[in-house]
>>> print(open('run.tsv').read())   # TSV, C-alpha atoms
chain	number	residue	atom	x	y	z
A	1	HIS	CA	0.00	0.00	0.00
A	2	GLY	CA	2.98	2.32	0.48
A	3	ASP	CA	3.48	2.88	-3.24
A	4	TYR	CA	0.03	4.50	-3.29
A	5	LEU	CA	1.71	7.64	-1.96
A	6	SER	CA	3.71	7.93	-5.16
A	7	LYS	CA	0.71	7.48	-7.48
A	8	ARG	CA	-1.08	10.43	-9.03
A	9	ILE	CA	-4.60	11.50	-8.02
A	10	LEU	CA	-6.83	13.83	-10.03
A	11	GLY	CA	-4.08	14.33	-12.60
A	12	GLY	CA	-1.69	15.90	-10.07
A	13	PRO	CA	0.98	14.53	-7.77
A	14	VAL	CA	-0.12	13.26	-4.40
A	15	GLU	CA	1.43	15.24	-1.59
A	16	GLN	CA	1.70	12.49	1.02
A	17	ALA	CA	-1.94	11.54	0.48
A	18	ASN	CA	-3.40	9.72	3.45
A	19	ALA	CA	-0.58	11.09	5.61
A	20	GLY	CA	-2.02	13.22	8.36
A	21	MET	CA	-5.64	14.20	8.74
A	22	THR	CA	-7.32	14.18	5.33
A	23	THR	CA	-10.91	13.16	6.14
A	24	LEU	CA	-13.49	15.55	7.53
A	25	MET	CA	-16.99	15.05	8.90
A	26	VAL	CA	-19.33	17.87	7.90
A	27	ARG	CA	-22.45	18.26	10.05
A	28	ASN	CA	-25.62	20.35	9.65
A	29	ILE	CA	-26.02	19.84	5.89
A	30	PRO	CA	-29.61	20.67	4.89
A	31	VAL	CA	-31.46	17.35	4.48
A	32	MET	CA	-32.56	18.04	0.90
A	33	TYR	CA	-28.99	18.20	-0.43
A	34	THR	CA	-27.86	15.40	-2.72
A	35	LYS	CA	-24.34	14.19	-3.38
A	36	GLN	CA	-24.41	15.94	-6.76
A	37	LEU	CA	-25.42	19.29	-5.22
A	38	LEU	CA	-22.64	19.02	-2.63
A	39	ILE	CA	-20.05	18.21	-5.29
A	40	LYS	CA	-21.15	21.20	-7.36
A	41	GLU	CA	-21.16	23.59	-4.40
A	42	TRP	CA	-17.91	22.34	-2.84
A	43	GLU	CA	-15.85	22.19	-6.04
A	44	CYS	CA	-13.10	24.76	-5.85
A	45	ASN	CA	-9.47	25.03	-6.89
A	46	ASP	CA	-8.08	24.68	-3.39
A	47	CYS	CA	-10.49	21.94	-2.26
A	48	VAL	CA	-9.40	18.77	-4.06
A	49	PHE	CA	-11.26	15.75	-2.70
A	50	ASP	CA	-11.32	12.14	-3.83
A	51	PHE	CA	-14.14	10.76	-1.67
A	52	LEU	CA	-17.54	12.03	-0.60
A	53	HIS	CA	-20.15	10.02	1.27
A	54	LEU	CA	-23.53	11.52	2.16
A	55	PRO	CA	-25.50	8.96	4.19
A	56	ARG	CA	-29.21	8.87	3.40
A	57	SER	CA	-32.27	7.97	5.44
A	58	SER	CA	-33.51	4.38	5.32
A	59	VAL	CA	-36.16	5.37	2.78
A	60	GLY	CA	-33.55	7.34	0.84
A	61	GLN	CA	-35.58	10.52	0.45
A	62	THR	CA	-33.29	12.81	2.46
A	63	ASN	CA	-29.73	12.83	3.73
A	64	LEU	CA	-28.91	12.43	7.42
A	65	SER	CA	-27.46	15.99	7.57
A	66	PHE	CA	-23.81	14.93	7.67
A	67	ALA	CA	-21.16	13.85	5.17
A	68	PHE	CA	-17.64	12.46	5.09
A	69	ILE	CA	-15.17	14.00	2.67
A	70	ASN	CA	-11.56	12.93	2.08
A	71	PHE	CA	-8.99	15.23	0.51
A	72	VAL	CA	-5.82	14.41	-1.40
A	73	SER	CA	-3.73	16.12	1.27
A	74	GLU	CA	-4.03	17.49	4.77
A	75	ALA	CA	-3.48	21.01	3.35
A	76	HIS	CA	-6.57	20.62	1.14
A	77	ALA	CA	-8.62	19.43	4.14
A	78	VAL	CA	-7.48	22.44	6.18
A	79	ALA	CA	-8.32	24.82	3.30
A	80	PHE	CA	-11.81	23.33	2.99
A	81	LYS	CA	-12.40	23.55	6.74
A	82	GLU	CA	-11.27	27.19	6.80
A	83	ARG	CA	-13.53	28.02	3.85
A	84	TRP	CA	-16.70	26.25	5.07
A	85	GLN	CA	-16.61	26.07	8.91
A	86	LYS	CA	-19.62	27.91	10.37
A	87	LYS	CA	-20.86	28.81	6.87
A	88	ARG	CA	-24.30	28.07	5.46
A	89	MET	CA	-25.00	26.19	2.25
A	90	ALA	CA	-26.35	28.17	-0.74
A	91	ARG	CA	-29.45	26.02	-1.30
A	92	PHE	CA	-32.17	25.12	1.19
A	93	THR	CA	-32.31	26.79	4.56
A	94	ALA	CA	-30.78	25.22	7.65
A	95	ARG	CA	-31.16	26.17	11.29
A	96	LYS	CA	-27.46	25.67	11.95
A	97	ALA	CA	-24.24	26.59	10.18
A	98	LEU	CA	-21.90	23.80	9.04
A	99	ASN	CA	-19.85	22.20	11.78
A	100	ILE	CA	-16.68	20.55	10.47
A	101	SER	CA	-14.37	18.24	12.40
A	102	TYR	CA	-11.83	15.55	11.64
A	103	ALA	CA	-13.43	12.15	11.10
A	104	ASP	CA	-12.52	9.08	13.12
A	105	VAL	CA	-11.75	7.12	9.95
A	106	GLN	CA	-8.94	8.71	7.92
A	107	GLY	CA	-7.79	8.20	4.33
A	108	LEU	CA	-9.33	7.16	1.03
A	109	ARG	CA	-8.89	3.40	1.34
A	110	ALA	CA	-10.08	3.28	4.97
A	111	ASN	CA	-13.18	5.32	4.09
A	112	ILE	CA	-14.07	3.12	1.13
A	113	LEU	CA	-13.76	0.03	3.33
A	114	GLN	CA	-15.79	1.67	6.10
A	115	VAL	CA	-18.65	2.81	3.85
A	116	THR	CA	-18.88	-0.41	1.88
A	117	LYS	CA	-18.55	-2.43	5.11
A	118	ARG	CA	-16.03	-4.74	3.57
A	119	PRO	CA	-13.40	-5.66	6.12
A	120	ARG	CA	-12.76	-8.83	4.12
A	121	GLY	CA	-13.76	-7.37	0.76
A	122	CYS	CA	-16.78	-9.60	0.20
A	123	GLU	CA	-20.00	-7.75	1.05
A	124	VAL	CA	-22.18	-6.03	-1.54
A	125	MET	CA	-21.99	-2.32	-2.37
A	126	PRO	CA	-24.61	-0.19	-0.56
A	127	GLN	CA	-27.52	1.40	-2.44
A	128	ASN	CA	-26.01	4.82	-1.75
A	129	PRO	CA	-22.43	4.43	-2.99
A	130	PRO	CA	-19.85	7.10	-2.19
A	131	TYR	CA	-18.43	9.47	-4.80
A	132	ILE	CA	-14.85	8.33	-5.51
A	133	ILE	CA	-12.40	9.83	-7.99
A	134	ILE	CA	-8.84	8.64	-8.66
A	135	ASN	CA	-6.54	9.86	-11.43
A	136	GLY	CA	-9.32	12.16	-12.65
A	137	LYS	CA	-11.76	9.27	-13.13
A	138	GLN	CA	-14.92	8.67	-11.15
A	139	MET	CA	-15.18	5.01	-10.17
A	140	ASP	CA	-16.98	2.56	-7.94
A	141	SER	CA	-15.46	1.09	-4.78
A	142	ASP	CA	-14.32	-2.14	-6.48
A	143	GLU	CA	-12.29	-0.23	-9.07
A	144	ALA	CA	-10.86	2.12	-6.44
A	145	LEU	CA	-9.86	-0.68	-4.08
A	146	ALA	CA	-8.17	-2.55	-6.94
A	147	ILE	CA	-5.99	0.52	-7.55
A	148	LEU	CA	-5.37	1.31	-3.89
A	149	CYS	CA	-4.46	-2.27	-2.95
A	150	ARG	CA	-1.88	-2.82	-5.71
>>> encode(input="run.tsv", output="structure tokens")
Amino acid sequence: HGDYLSKRILGGPVEQANAGMTTLMVRNIPVMYTKQLLIKEWECNDCVFDFLHLPRSSVGQTNLSFAFINFVSEAHAVAFKERWQKKRMARFTARKALNISYADVQGLRANILQVTKRPRGCEVMPQNPPYIIINGKQMDSDEALAILCR
């Protein structure tokens, strides 16, 4: 897994990806937001992320008002936190501003395994798969794990 640090993500060199704190938990997201709306709103030049998971309610109509987002470097995570902490989202009203903290699970590979609940790599992908992008290509968890576990 160590050679992953030397691979390229999103078309640019990885600056010690997965070294340090790269995964954030974002709370107080308005429940009507979708993954696609978050990606559109959070895309910015200094906020390069490779993983976004927005858990949804059991019936799937709304999100659970929090998300996990992993960045390609700790510097990108810090920049995102500085930009969005205590801010409000552009769409849909929310009672509370965003509250951003470091997640318990850190790194792209660990987050994919956590979300897909595959400690042994054998369970089925959830109905609400995370957004994953490696080397500029969006992919599912199986493709991503194949690259990350080389």
>>> atom_distance(input="run.tsv", atom1="atom CA of Met139 of chain A", atom2="atom CA of Ala110 of chain A")
16.1 Å
>>> closest_residue(input="run.tsv", among="A:Lys96, A:His53, A:Lys81, A:Lys40", to="Leu108 of chain A", atoms="only C-alpha atoms")
A:His53
>>> atom_distance(input="run.tsv", atom1="atom CA of His76 of chain A", atom2="atom CA of Met21 of chain A")
10.0 Å
>>> closest_residue(input="run.tsv", among="A:Glu74, A:Asp50, A:Asp142, A:Glu82", to="Leu98 of chain A", atoms="all atoms listed in the file")
A:Glu82
>>> atom_distance(input="run.tsv", atom1="atom CA of Ile39 of chain A", atom2="atom CA of Cys149 of chain A")
25.8 Å
>>> closest_residue(input="run.tsv", among="A:Ser58, A:Gln36, A:Ser65, A:Asn70", to="Ala103 of chain A", atoms="all atoms listed in the file")
A:Asn70
>>> closest_residue(input="run.tsv", among="A:Leu24, A:Ala75, A:Met32, A:Leu52", to="Ser141 of chain A", atoms="all atoms listed in the file")
A:Leu52
>>> residues_around(input="run.tsv", residues="Lys35 of chain A", least_positions_apart="6", cutoff="10 Å", atoms="all atoms listed in the file", output="PyMOL selection string")
chain A and resi 41+52-56+63+67+128-131
>>> build_atoms(input="run.tsv", residues="segment 87-101 of chain A", atoms="N, CA, C and O atoms", output="PDB file, in the coordinates of the input")
ATOM      1  N   LYS A  87     -20.184  28.191   8.005  1.00  0.00           N
ATOM      2  CA  LYS A  87     -20.860  28.810   6.870  1.00  0.00           C
ATOM      3  C   LYS A  87     -22.174  28.077   6.619  1.00  0.00           C
ATOM      4  O   LYS A  87     -22.383  26.972   7.088  1.00  0.00           O
ATOM      5  N   ARG A  88     -23.039  28.696   5.835  1.00  0.00           N
ATOM      6  CA  ARG A  88     -24.300  28.070   5.460  1.00  0.00           C
ATOM      7  C   ARG A  88     -24.248  27.708   3.980  1.00  0.00           C
ATOM      8  O   ARG A  88     -23.620  28.392   3.191  1.00  0.00           O
ATOM      9  N   MET A  89     -24.951  26.644   3.636  1.00  0.00           N
ATOM     10  CA  MET A  89     -25.000  26.190   2.250  1.00  0.00           C
ATOM     11  C   MET A  89     -25.879  27.150   1.441  1.00  0.00           C
ATOM     12  O   MET A  89     -26.777  27.787   1.988  1.00  0.00           O
ATOM     13  N   ALA A  90     -25.632  27.219   0.126  1.00  0.00           N
ATOM     14  CA  ALA A  90     -26.350  28.170  -0.740  1.00  0.00           C
ATOM     15  C   ALA A  90     -27.812  27.787  -0.956  1.00  0.00           C
ATOM     16  O   ALA A  90     -28.676  28.646  -1.062  1.00  0.00           O
ATOM     17  N   ARG A  91     -28.083  26.475  -1.034  1.00  0.00           N
ATOM     18  CA  ARG A  91     -29.450  26.020  -1.300  1.00  0.00           C
ATOM     19  C   ARG A  91     -30.104  25.511  -0.012  1.00  0.00           C
ATOM     20  O   ARG A  91     -29.415  24.998   0.849  1.00  0.00           O
ATOM     21  N   PHE A  92     -31.382  25.630   0.061  1.00  0.00           N
ATOM     22  CA  PHE A  92     -32.170  25.120   1.190  1.00  0.00           C
ATOM     23  C   PHE A  92     -31.712  25.772   2.503  1.00  0.00           C
ATOM     24  O   PHE A  92     -30.537  25.913   2.757  1.00  0.00           O
ATOM     25  N   THR A  93     -32.645  26.144   3.304  1.00  0.00           N
ATOM     26  CA  THR A  93     -32.310  26.790   4.560  1.00  0.00           C
ATOM     27  C   THR A  93     -32.029  25.748   5.645  1.00  0.00           C
ATOM     28  O   THR A  93     -32.621  24.675   5.661  1.00  0.00           O
ATOM     29  N   ALA A  94     -31.126  26.100   6.530  1.00  0.00           N
ATOM     30  CA  ALA A  94     -30.780  25.220   7.650  1.00  0.00           C
ATOM     31  C   ALA A  94     -30.756  26.071   8.920  1.00  0.00           C
ATOM     32  O   ALA A  94     -30.371  27.240   8.887  1.00  0.00           O
ATOM     33  N   ARG A  95     -31.173  25.458  10.022  1.00  0.00           N
ATOM     34  CA  ARG A  95     -31.160  26.170  11.290  1.00  0.00           C
ATOM     35  C   ARG A  95     -29.740  26.469  11.749  1.00  0.00           C
ATOM     36  O   ARG A  95     -29.475  27.479  12.376  1.00  0.00           O
ATOM     37  N   LYS A  96     -28.825  25.554  11.445  1.00  0.00           N
ATOM     38  CA  LYS A  96     -27.460  25.670  11.950  1.00  0.00           C
ATOM     39  C   LYS A  96     -26.451  25.800  10.816  1.00  0.00           C
ATOM     40  O   LYS A  96     -26.648  25.271   9.732  1.00  0.00           O
ATOM     41  N   ALA A  97     -25.352  26.486  11.131  1.00  0.00           N
ATOM     42  CA  ALA A  97     -24.240  26.590  10.180  1.00  0.00           C
ATOM     43  C   ALA A  97     -23.498  25.254  10.168  1.00  0.00           C
ATOM     44  O   ALA A  97     -23.637  24.426  11.083  1.00  0.00           O
ATOM     45  N   LEU A  98     -22.688  25.037   9.124  1.00  0.00           N
ATOM     46  CA  LEU A  98     -21.900  23.800   9.040  1.00  0.00           C
ATOM     47  C   LEU A  98     -20.943  23.694  10.217  1.00  0.00           C
ATOM     48  O   LEU A  98     -20.365  24.695  10.656  1.00  0.00           O
ATOM     49  N   ASN A  99     -20.791  22.491  10.704  1.00  0.00           N
ATOM     50  CA  ASN A  99     -19.850  22.200  11.780  1.00  0.00           C
ATOM     51  C   ASN A  99     -18.914  21.122  11.255  1.00  0.00           C
ATOM     52  O   ASN A  99     -19.350  20.007  10.962  1.00  0.00           O
ATOM     53  N   ILE A 100     -17.639  21.451  11.108  1.00  0.00           N
ATOM     54  CA  ILE A 100     -16.680  20.550  10.470  1.00  0.00           C
ATOM     55  C   ILE A 100     -15.629  20.110  11.472  1.00  0.00           C
ATOM     56  O   ILE A 100     -15.042  20.933  12.178  1.00  0.00           O
ATOM     57  N   SER A 101     -15.396  18.801  11.513  1.00  0.00           N
ATOM     58  CA  SER A 101     -14.370  18.240  12.400  1.00  0.00           C
ATOM     59  C   SER A 101     -13.653  17.118  11.671  1.00  0.00           C
ATOM     60  O   SER A 101     -14.107  16.652  10.623  1.00  0.00           O
TER      61      SER A 101
END
